[in-house]
>>> print(open('protein.pdb').read())   # PDB, C-alpha atoms and all ligand atoms
ATOM      1  CA  MET A   8     103.044 123.473 107.687
ATOM      2  CA  THR A   9     100.530 125.947 106.426
ATOM      3  CA  ASP A  10      97.698 126.725 108.745
ATOM      4  CA  MET A  11      94.847 127.432 106.374
ATOM      5  CA  SER A  12      92.123 128.972 108.406
ATOM      6  CA  ASP A  13      89.151 130.049 106.334
ATOM      7  CA  THR A  14      90.465 133.595 106.167
ATOM      8  CA  SER A  15      93.830 132.938 104.494
ATOM      9  CA  PHE A  16      92.931 134.049 101.009
ATOM     10  CA  ASP A  17      96.295 135.627 100.348
ATOM     11  CA  TYR A  18      97.798 132.161 100.446
ATOM     12  CA  TYR A  19      99.025 132.007  96.863
ATOM     13  CA  ALA A  20     100.573 135.425  97.142
ATOM     14  CA  ARG A  21     102.729 134.686 100.162
ATOM     15  CA  LYS A  22     103.599 131.042  99.957
ATOM     16  CA  LYS A  23     106.775 129.751  98.428
ATOM     17  CA  HIS A  24     106.278 126.251  97.125
ATOM     18  CA  ASP A  25     109.716 124.879  96.495
ATOM     19  CA  HIS A  26     109.717 122.224  93.832
ATOM     20  CA  GLY A  27     113.258 122.899  92.654
ATOM     21  CA  ASP A  28     114.518 119.374  93.168
ATOM     22  CA  HIS A  29     111.528 117.624  91.802
ATOM     23  CA  ASP A  30     110.804 113.977  91.211
ATOM     24  CA  HIS A  31     107.871 114.224  88.879
ATOM     25  CA  ALA A  32     106.234 116.430  86.306
ATOM     26  CA  PRO A  33     103.683 119.063  87.221
ATOM     27  CA  ALA A  34     100.214 117.575  87.014
ATOM     28  CA  ALA A  35      98.595 118.476  83.747
ATOM     29  CA  GLY A  36      95.056 118.132  85.039
ATOM     30  CA  LYS A  37      94.278 115.685  82.250
ATOM     31  CA  ASP A  38      94.272 111.929  82.185
ATOM     32  CA  GLU A  39      94.047 111.340  78.474
ATOM     33  CA  GLY A  40      95.718 112.378  75.270
ATOM     34  CA  PRO A  41      99.110 111.641  73.749
ATOM     35  CA  PRO A  42     102.051 110.859  76.047
ATOM     36  CA  SER A  43     103.542 113.961  77.590
ATOM     37  CA  GLU A  44     107.136 115.036  77.127
ATOM     38  CA  TYR A  45     107.899 113.598  80.580
ATOM     39  CA  GLU A  46     106.329 110.244  79.767
ATOM     40  CA  ILE A  47     108.372 110.015  76.570
ATOM     41  CA  MET A  48     111.535 110.945  78.470
ATOM     42  CA  SER A  49     110.706 108.371  81.146
ATOM     43  CA  ARG A  50     110.233 105.630  78.560
ATOM     44  CA  ALA A  51     113.429 106.592  76.759
ATOM     45  CA  MET A  52     115.304 106.500  80.073
ATOM     46  CA  GLN A  53     113.905 103.067  80.879
ATOM     47  CA  GLU A  54     114.950 101.714  77.490
ATOM     48  CA  LEU A  55     118.409 103.185  77.890
ATOM     49  CA  LEU A  56     118.871 101.708  81.388
ATOM     50  CA  GLU A  57     117.750  98.331  80.108
ATOM     51  CA  ALA A  58     120.057  98.527  77.088
ATOM     52  CA  LYS A  59     122.998  99.424  79.371
ATOM     53  CA  GLY A  60     122.180  96.502  81.663
ATOM     54  CA  VAL A  61     121.550  98.739  84.699
ATOM     55  CA  VAL A  62     118.055  97.378  85.285
ATOM     56  CA  THR A  63     116.005  94.688  83.642
ATOM     57  CA  ALA A  64     112.427  94.942  82.474
ATOM     58  CA  GLU A  65     111.654  92.249  85.071
ATOM     59  CA  GLU A  66     113.031  94.420  87.902
ATOM     60  CA  ILE A  67     110.961  97.356  86.747
ATOM     61  CA  ARG A  68     107.841  95.205  86.554
ATOM     62  CA  ARG A  69     108.426  93.832  90.066
ATOM     63  CA  ARG A  70     108.944  97.338  91.410
ATOM     64  CA  MET A  71     105.679  98.472  89.829
ATOM     65  CA  GLU A  72     103.871  95.497  91.358
ATOM     66  CA  THR A  73     105.225  96.356  94.804
ATOM     67  CA  PHE A  74     104.012  99.888  94.276
ATOM     68  CA  GLU A  75     100.523  98.671  93.483
ATOM     69  CA  GLU A  76     100.218  95.749  95.874
ATOM     70  CA  GLU A  77     102.213  96.656  98.963
ATOM     71  CA  PHE A  78     102.716 100.403  99.168
ATOM     72  CA  PRO A  79      99.030 101.344  99.498
ATOM     73  CA  TYR A  80      98.794  99.367 102.762
ATOM     74  CA  ARG A  81     101.942 100.534 104.498
ATOM     75  CA  GLY A  82     100.489 103.800 105.747
ATOM     76  CA  SER A  83      97.598 101.981 107.403
ATOM     77  CA  ARG A  84     100.016  99.681 109.216
ATOM     78  CA  VAL A  85     102.110 102.593 110.444
ATOM     79  CA  ILE A  86      99.115 104.517 111.779
ATOM     80  CA  ALA A  87      97.568 101.383 113.330
ATOM     81  CA  ARG A  88     100.847 100.933 115.211
ATOM     82  CA  ALA A  89     100.653 104.552 116.354
ATOM     83  CA  TRP A  90      97.132 103.948 117.645
ATOM     84  CA  THR A  91      98.186 100.934 119.693
ATOM     85  CA  ASP A  92     101.653 102.022 120.824
ATOM     86  CA  PRO A  93     101.789 105.507 122.403
ATOM     87  CA  ALA A  94     105.595 105.546 122.450
ATOM     88  CA  PHE A  95     105.692 104.776 118.729
ATOM     89  CA  LYS A  96     103.129 107.508 118.089
ATOM     90  CA  GLN A  97     105.337 110.032 119.858
ATOM     91  CA  ARG A  98     108.301 108.978 117.743
ATOM     92  CA  LEU A  99     106.158 109.196 114.599
ATOM     93  CA  LEU A 100     105.017 112.710 115.449
ATOM     94  CA  LYS A 101     108.581 113.746 116.246
ATOM     95  CA  ASP A 102     110.286 112.234 113.195
ATOM     96  CA  GLY A 103     107.967 110.482 110.761
ATOM     97  CA  LYS A 104     110.696 109.237 108.492
ATOM     98  CA  ALA A 105     112.652 107.578 111.313
ATOM     99  CA  ALA A 106     109.516 105.987 112.765
ATOM    100  CA  CYS A 107     108.581 104.537 109.364
ATOM    101  CA  ALA A 108     112.120 103.183 109.006
ATOM    102  CA  GLU A 109     111.564 101.277 112.266
ATOM    103  CA  MET A 110     108.801  99.419 110.459
ATOM    104  CA  GLY A 111     110.966  98.788 107.410
ATOM    105  CA  VAL A 112     109.377 101.569 105.350
ATOM    106  CA  GLU A 113     112.014 103.731 103.706
ATOM    107  CA  LEU A 114     110.817 107.096 102.428
ATOM    108  CA  GLU A 115     112.419 108.953  99.545
ATOM    109  CA  ALA A 116     111.431 112.427 100.726
ATOM    110  CA  THR A 117     113.741 114.151 103.201
ATOM    111  CA  ARG A 118     111.015 114.535 105.780
ATOM    112  CA  LEU A 119     107.697 112.969 106.682
ATOM    113  CA  ILE A 120     105.526 115.035 108.970
ATOM    114  CA  ALA A 121     102.758 113.145 110.745
ATOM    115  CA  VAL A 122      99.949 115.503 111.718
ATOM    116  CA  GLU A 123      97.549 114.344 114.383
ATOM    117  CA  ASN A 124      93.835 115.011 114.337
ATOM    118  CA  THR A 125      92.307 115.994 117.662
ATOM    119  CA  PRO A 126      88.783 116.964 118.739
ATOM    120  CA  ASP A 127      89.763 120.563 117.873
ATOM    121  CA  VAL A 128      92.022 120.197 114.817
ATOM    122  CA  HIS A 129      91.478 118.369 111.549
ATOM    123  CA  ASN A 130      94.348 118.014 109.066
ATOM    124  CA  VAL A 131      94.187 117.642 105.297
ATOM    125  CA  ILE A 132      97.002 117.091 102.812
ATOM    126  CA  VAL A 133      97.461 118.592  99.376
ATOM    127  CA  CYS A 134     100.192 119.410  96.906
ATOM    128  CA  THR A 135      99.097 122.715  95.443
ATOM    129  CA  LEU A 136     101.587 122.657  92.581
ATOM    130  CA  CYS A 137     101.466 119.066  91.402
ATOM    131  CA  SER A 138     101.063 115.698  93.106
ATOM    132  CA  CYS A 139     103.671 115.303  95.877
ATOM    133  CA  TYR A 140     102.327 112.492  98.028
ATOM    134  CA  PRO A 141     103.696 109.941 100.512
ATOM    135  CA  ARG A 142     103.838 107.230  97.845
ATOM    136  CA  GLU A 143     105.883 104.808  99.930
ATOM    137  CA  LEU A 144     103.037 104.849 102.454
ATOM    138  CA  LEU A 145      99.949 105.194 100.277
ATOM    139  CA  GLY A 146     100.900 104.049  96.788
ATOM    140  CA  MET A 147     100.093 106.181  93.778
ATOM    141  CA  PRO A 148      98.044 109.321  94.381
ATOM    142  CA  PRO A 149      94.403 109.077  93.309
ATOM    143  CA  THR A 150      93.220 111.127  90.339
ATOM    144  CA  TRP A 151      91.252 113.546  92.489
ATOM    145  CA  TYR A 152      94.367 114.347  94.538
ATOM    146  CA  LYS A 153      96.141 115.453  91.352
ATOM    147  CA  SER A 154      93.164 117.349  89.975
ATOM    148  CA  ASP A 155      93.278 121.119  89.552
ATOM    149  CA  SER A 156      89.989 121.327  91.384
ATOM    150  CA  TYR A 157      91.142 119.619  94.586
ATOM    151  CA  ARG A 158      94.504 121.375  94.644
ATOM    152  CA  ALA A 159      92.990 124.821  94.337
ATOM    153  CA  ARG A 160      89.777 124.412  96.281
ATOM    154  CA  VAL A 161      90.973 122.515  99.338
ATOM    155  CA  VAL A 162      93.189 125.488 100.125
ATOM    156  CA  ARG A 163      90.510 128.139  99.688
ATOM    157  CA  ASP A 164      87.542 126.290 101.087
ATOM    158  CA  PRO A 165      88.563 123.049 102.765
ATOM    159  CA  ARG A 166      85.227 122.536 104.489
ATOM    160  CA  SER A 167      83.315 122.447 101.218
ATOM    161  CA  VAL A 168      85.755 119.959  99.721
ATOM    162  CA  LEU A 169      85.596 117.768 102.828
ATOM    163  CA  LYS A 170      81.824 117.870 102.672
ATOM    164  CA  GLU A 171      81.969 116.435  99.157
ATOM    165  CA  PHE A 172      83.845 113.484 100.654
ATOM    166  CA  GLY A 173      81.088 113.152 103.247
ATOM    167  CA  THR A 174      83.141 114.708 106.018
ATOM    168  CA  VAL A 175      81.278 117.370 107.944
ATOM    169  CA  LEU A 176      83.251 118.897 110.788
ATOM    170  CA  PRO A 177      81.803 120.825 113.727
ATOM    171  CA  ASP A 178      82.257 124.606 113.454
ATOM    172  CA  HIS A 179      84.703 124.779 116.361
ATOM    173  CA  VAL A 180      87.176 122.452 114.625
ATOM    174  CA  THR A 181      90.147 124.182 112.996
ATOM    175  CA  VAL A 182      90.980 122.805 109.552
ATOM    176  CA  ARG A 183      94.660 122.799 108.680
ATOM    177  CA  VAL A 184      95.716 122.220 105.093
ATOM    178  CA  HIS A 185      99.300 121.036 104.642
ATOM    179  CA  ASP A 186     101.054 121.696 101.359
ATOM    180  CA  SER A 187     103.476 118.935 100.403
ATOM    181  CA  ASN A 188     106.529 119.353  98.259
ATOM    182  CA  ALA A 189     109.396 117.303  96.892
ATOM    183  CA  ASP A 190     111.289 117.244 100.185
ATOM    184  CA  MET A 191     108.441 117.185 102.646
ATOM    185  CA  ARG A 192     105.488 114.830 102.754
ATOM    186  CA  TYR A 193     102.657 114.595 105.220
ATOM    187  CA  VAL A 194     100.479 111.854 106.632
ATOM    188  CA  VAL A 195      97.435 112.360 108.828
ATOM    189  CA  VAL A 196      97.083 110.482 112.105
ATOM    190  CA  PRO A 197      93.294 110.281 112.428
ATOM    191  CA  MET A 198      91.498 110.013 115.749
ATOM    192  CA  ARG A 199      90.892 106.422 116.762
ATOM    193  CA  PRO A 200      87.139 105.834 116.663
ATOM    194  CA  GLN A 201      85.124 104.688 119.629
ATOM    195  CA  GLY A 202      84.271 101.021 119.633
ATOM    196  CA  THR A 203      87.757  99.853 118.616
ATOM    197  CA  LYS A 204      89.100  99.067 122.068
ATOM    198  CA  GLY A 205      91.115  95.866 122.101
ATOM    199  CA  TRP A 206      91.301  95.668 118.306
ATOM    200  CA  SER A 207      94.462  94.225 116.783
ATOM    201  CA  GLU A 208      96.724  96.405 114.632
ATOM    202  CA  GLU A 209      95.606  94.404 111.623
ATOM    203  CA  ARG A 210      91.933  95.075 112.287
ATOM    204  CA  LEU A 211      92.609  98.759 112.937
ATOM    205  CA  ALA A 212      94.601  99.001 109.711
ATOM    206  CA  ASP A 213      91.502  97.906 107.797
ATOM    207  CA  ILE A 214      89.585 101.043 108.765
ATOM    208  CA  LEU A 215      92.579 103.288 108.042
ATOM    209  CA  THR A 216      91.863 103.823 104.377
ATOM    210  CA  ARG A 217      93.968 105.957 102.078
ATOM    211  CA  ASP A 218      91.485 108.802 102.254
ATOM    212  CA  THR A 219      91.603 108.876 106.069
ATOM    213  CA  LEU A 220      95.382 109.287 105.926
ATOM    214  CA  VAL A 221      95.075 112.156 103.452
ATOM    215  CA  GLY A 222      92.461 113.640 105.762
ATOM    216  CA  VAL A 223      89.473 113.872 103.436
ATOM    217  CA  THR A 224      87.516 111.294 105.425
ATOM    218  CA  GLU A 225      87.519 109.970 108.973
ATOM    219  CA  PRO A 226      87.853 106.313 109.909
ATOM    220  CA  ARG A 227      84.556 104.583 110.553
ATOM    221  CA  VAL A 228      83.585 101.468 112.388
ATOM    222  CA  THR A 229      81.006  99.705 110.319
ATOM    223  CA  VAL A 230      78.597  97.508 112.199
ATOM    224  CA  LYS A 231      77.828  94.337 110.333
ATOM    225  CA  SER A 232      74.160  93.395 110.450
TER     226      SER A 232
HETATM  227 FE    FE A 301     104.476 118.606  94.110
END
>>> encode(input="protein.pdb", output="structure tokens", more="lines below")
Ligand code: FE
Amino acid sequence: MTDMSDTSFDYYARKKHDHGDHDHAPAAGKDEGPPSEYEIMSRAMQELLEAKGVVTAEEIRRRMETFEEEFPYRGSRVIARAWTDPAFKQRLLKDGKAACAEMGVELEATRLIAVENTPDVHNVIVCTLCSCYPRELLGMPPTWYKSDSYRARVVRDPRSVLKEFGTVLPDHVTVRVHDSNADMRYVVVPMRPQGTKGWSEERLADILTRDTLVGVTEPRVTVKS
């Protein structure tokens, strides 16, 4: 964990961001243009695996669908469980990967660190080098998470970035920015909002959006009129 108080401007100089055993290409900071070298390699690999009979195009398609349809909601379910089951929350905070496995969610990264927001501490997640992200919990990372702007600015001035997401924190709250890497992923355990007493896990999961689990927003209870 990297505790990024507002004074840690020598961050880049002292941190060692280990991406040696990496599972994806460094983010290019662009969304358009011709396919990158990595995309071409990925496609070639897929074609080769299909030709060798290791995987079928159908299996790849199904996997992609799971990624898009199921993965983005797993994190919400895990955190909703933590909100309703104190013993589970303790296990999640102690060993995130093992706690997720209890719920049938297997993570590829070696470690998952769940960081809990409190009235005095607010946590935010970034990958300063590329786009490491708890994909098995949140699906694919959003474009802003991979952007050069977010990756650089959330480290230097997290409060300004949070403000752009509509999150204004009281001055006494310490903001901690956690830098993910290939082996270590983070997920934020937000504070459970007032007015949710007695809610089911399913209902709680609905207010645990992706952005709340990255830490750029806080869960809100919307009152229907
Ligand atoms: Fe990364």
>>> closest_atom_pairs(input="protein.pdb", of="chain A", to="ligand FE 301 (chain A)", cutoff="7 Å", atoms="only C-alpha atoms and all ligand atoms", output="Markdown table")
| residue | atom | partner | partner_atom | distance |
| --- | --- | --- | --- | --- |
| A:His26 | CA | A:FE301 | FE | 6.4 |
| A:Pro33 | CA | A:FE301 | FE | 6.9 |
| A:Cys134 | CA | A:FE301 | FE | 5.2 |
| A:Thr135 | CA | A:FE301 | FE | 6.9 |
| A:Leu136 | CA | A:FE301 | FE | 5.2 |
| A:Cys137 | CA | A:FE301 | FE | 4.1 |
| A:Ser138 | CA | A:FE301 | FE | 4.6 |
| A:Cys139 | CA | A:FE301 | FE | 3.8 |
| A:Ser187 | CA | A:FE301 | FE | 6.4 |
| A:Asn188 | CA | A:FE301 | FE | 4.7 |
| A:Ala189 | CA | A:FE301 | FE | 5.8 |
>>> atom_distance(input="protein.pdb", atom1="atom CA of Ala87 of chain A", atom2="atom CA of Leu211 of chain A")
5.6 Å
>>> residues_around(input="protein.pdb", residues="Ala106 of chain A", least_positions_apart="6", cutoff="9 Å", atoms="only C-alpha atoms", output="mmCIF file with C-alpha atoms, in the frame of the given file")
data_model
loop_
_atom_site.group_PDB
_atom_site.id
_atom_site.type_symbol
_atom_site.label_atom_id
_atom_site.label_comp_id
_atom_site.auth_asym_id
_atom_site.auth_seq_id
_atom_site.Cartn_x
_atom_site.Cartn_y
_atom_site.Cartn_z
ATOM 1 C CA VAL A 85 102.110 102.593 110.444
ATOM 2 C CA PHE A 95 105.692 104.776 118.729
ATOM 3 C CA LYS A 96 103.129 107.508 118.089
ATOM 4 C CA ARG A 98 108.301 108.978 117.743
ATOM 5 C CA LEU A 99 106.158 109.196 114.599
ATOM 6 C CA LEU A 100 105.017 112.710 115.449
ATOM 7 C CA VAL A 112 109.377 101.569 105.350
#
>>> residues_near_point(input="protein.pdb", point="(101.4, 106.8, 113.5)", cutoff="12 Å", atoms="all atoms listed in the file", output="MDAnalysis selection string")
chainID A and resid 81:107 109:110 119:124 144 193:199 208 211:212 215 220
>>> residues_near_point(input="protein.pdb", point="(96.1, 114.1, 92.3)", cutoff="10 Å", atoms="all atoms listed in the file", output="PyMOL selection string")
chain A and resi 34-36+133-135+137-140+147-158
>>> residues_around(input="protein.pdb", residues="Asp127 of chain A", least_positions_apart="2", cutoff="10 Å", atoms="only C-alpha atoms", output="PDB file with C-alpha atoms, in the coordinates of the input")
ATOM      1  CA  ASN A 124      93.835 115.011 114.337  1.00  0.00           C
ATOM      2  CA  THR A 125      92.307 115.994 117.662  1.00  0.00           C
ATOM      3  CA  HIS A 129      91.478 118.369 111.549  1.00  0.00           C
ATOM      4  CA  LEU A 176      83.251 118.897 110.788  1.00  0.00           C
ATOM      5  CA  PRO A 177      81.803 120.825 113.727  1.00  0.00           C
ATOM      6  CA  ASP A 178      82.257 124.606 113.454  1.00  0.00           C
ATOM      7  CA  HIS A 179      84.703 124.779 116.361  1.00  0.00           C
ATOM      8  CA  VAL A 180      87.176 122.452 114.625  1.00  0.00           C
ATOM      9  CA  THR A 181      90.147 124.182 112.996  1.00  0.00           C
ATOM     10  CA  VAL A 182      90.980 122.805 109.552  1.00  0.00           C
TER      11      VAL A 182
END
>>> closest_residue(input="protein.pdb", among="A:Ala108, A:Glu77, A:His185, A:Thr203", to="Pro226 of chain A", atoms="only C-alpha atoms")
A:Thr203
>>> axis_aligned_box(input="protein.pdb", around="segment 138-155 of chain A", padding_each_side="3 Å", output="AutoDock Vina command-line options")
--center_x 98.6 --center_y 112.6 --center_z 96.0 --size_x 20.6 --size_y 23.1 --size_z 18.9
>>> atom_distance(input="protein.pdb", atom1="atom CA of Val223 of chain A", atom2="atom CA of Thr117 of chain A")
24.3 Å
>>> atom_distance(input="protein.pdb", atom1="atom CA of Glu66 of chain A", atom2="atom CA of Pro141 of chain A")
22.1 Å
>>> closest_residue(input="protein.pdb", among="A:Arg166, A:Ile67, A:Met191, A:Thr73", to="Gln53 of chain A", atoms="all atoms listed in the file")
A:Ile67
>>> residues_around(input="protein.pdb", residues="Glu115 of chain A", least_positions_apart="6", cutoff="9 Å", atoms="only C-alpha atoms", output="ChimeraX atom specification")
/A:141-143,190
